[in-house]
Amino acid sequence: ISKIKDNCYCSKKRTWKIITSYIPLIKTIRYYKLREYLLTDFLAGLTVGILHIPQALGFGQLTSVKVENGLYTSLWPVLIYMIFGTSPHVSMGTSAVICILTAAVVERQGEVFQSTHPWVLNQTINGTINGTLIPVDEVAEYLDYKESVAMSVTLFCGLMMIAMGFLKLGFITAYLSESFFAAFTSGAAVHIFTSQVTPMLGLHVTRHSGIFKIVKNYKEIFTHITDVNITALICAIITMVLILIVKDCINERFKHKIVIPIPIELIVVVVGTLAAYFGEFHENFGTDVVGTIPNTIPAPVLPPVDEAPNFLVDCFILAILIFANTIAMAKICAKKHNYEVDDSQEMIAYGMCNFLSCFMKCFPSSVAPPRSMVASAMNTKTMINGLITSILILLIIMVISPLFAALPKSILAAIIAVSLKGLFIQISIGYKYWKISKYDFVIWLSTFLSVVFLDIDVGLGIGVGVSLLSVVFQTQFASGYRVGKSKDGVWVEHKKYQDSQETPGVKVFRFNSSLYFANAEIFRSQVYGKTVNPRKLLKLLKKKEKKVAKLQKEGGYSGEFRRDSVIVRESLRKTHHVIIDCNAINYLDVSGANVISHMFTEYGHVNIVMFLAGCSADMRDAMLHSGVYDKISNDHIFVNVDDALAVARTHKIIPLPSGLGDFSD
């Protein structure tokens, strides 16, 4: 209580620290160096804003909502992160993986909406019975509903991240391994690419959802392959070729000489729009186009929450992935530019980006690595670069967005498809996990296959489950080994190092895991198997003694034979000390403590002394409360292995008595 009272005080310094920790922009403005930072921030903000434009248009389509929602998501989260964020290089906004996950929720709820509102499937262009049916994805009522679902998802994602940020629960992402993320993002890339195949081909086919949807979707595509729109296909191919050539052959090759990378995606969007407008692609060739984009900023709207229970789990998953994906990029940039990011504040910032932007018709926002890497390469100085980006996006919405009405959807789909290149390359390096760790490979393979062939949310659950199981298996089946001393005086794994040597009669065993109920018996088996097994030794001694007793009874041998029998008994016991190196045991429970006590007693029954070396304070405390010290005295516990070995060398070897009975604890 006194400690709490000491921390409850108010001062100018403390107030400033609290306010600036939650609103870092105040400190940024206070210490902003206009001459040093302004030009760099302006150029970086402008460049990142240019990258936002085509991604905003494309990812709005990917999220299965309106195209303008992508523009809004590239505006408000950037502005909000500028206020609450701590990394100047993190570019919030649209993100492919988060968009496809949001789209899964939106489309799932959309199917329910269609079943309860069947008239949206029968809308015609002129409103007559015999008129041309409007595709359901172009029906205003249906699009408004999907927009509201995306807003609701954004709301709850934001609230969850804000709560986790204040509770400092960022450690949750530690359970998601690198192999899991690589497999999940690569698997999601397959789904993203599949969702863009139909617009690139200009097809109108039924989109399936649920387990094995990717197989069903490709079956649907190949069934209607003869209906491909050639104009849309040509636009997509030209777009992909141009982007790949410019990015790989110019931007990447001459990145050290080019101050600002060529914004080829924006150029393609502009040229494609002009070509489609003057060539009247939609009227002459039936090519799908973006359509009318409003040039106004919508008034704040309260997202509906009545259907929230149907996707709260999805929101939690999205919140975790947004944080994990974004904080990883923030830490990469922080390490490169030598600054620190506050995990808890970052989670609050990501939460605020989503919570506040949901009222402005945005879908869930996250970092996009390509944009952040550009900001990092341009050595962005402060969060002010986000203001420049926001102003540019605002101008695009207010002035230029209506001009994109003639833009073919196949061009946007091609831009998204090319942006997945890195994730597809990531698939090819999956084999490295096999070489590094079999556990990592199992996580990667199970996650990737389940994400691709089952579904993204199912694969996510399986991947997380396998990741957690791998932790259990790695601790449960952790390997132990005998150690010996090298010529340099270092304890190393015996026999794996040619110069390692053991002290005659002494075996040192190291266990590389916590010792608890799940692996206690495995620990005992490994110690017995790699040092000496007192049970087998006792059994062998009794067998020899019976044989000696039988021969003595039949032949009536003298005392000389009895001396020989003692020598035989001692020759069977080649080890007189076993030292357990406990340096790697950072946790001990009751089961582990009981096994240690039992082993000590078993070894003592055959006059083998067991020492414990390198026990941590927590381990000693656990042994104290588990009653281990009732059997193992303090003179059998040492600070390190060298001390235990020194004592073992000076100990007098206790001879084995004749007529050993069975062991009893």
# chains A, B, ... in the order shown; residues from 1 in each chain; ligands from 1

$ residues_around --residues "Ala276 of chain A" --least-positions-apart "4" --cutoff "7 Å" --atoms "only C-alpha atoms" --output "PyMOL selection string"
chain A and resi 272+280-281+406-408

$ residues_around --residues "Ile522 of chain A" --least-positions-apart "2" --cutoff "10 Å" --atoms "only C-alpha atoms" --output "list in words"
Gln476, Phe477, Ala478, Ser479, Gly480, Leu515, Phe517, Ala518, Asn519, Ala520, Arg524, Ser525, Gln526, Val527 and Tyr528 of chain A

$ closest_residue --among "A:Ala140, A:Met164, A:Ala417, A:Cys235" --to "Phe193 of chain A" --atoms "only C-alpha atoms"
A:Ala417

$ atom_distance --atom1 "atom CA of Gly604 of chain A" --atom2 "atom CA of Lys543 of chain A"
19.3 Å
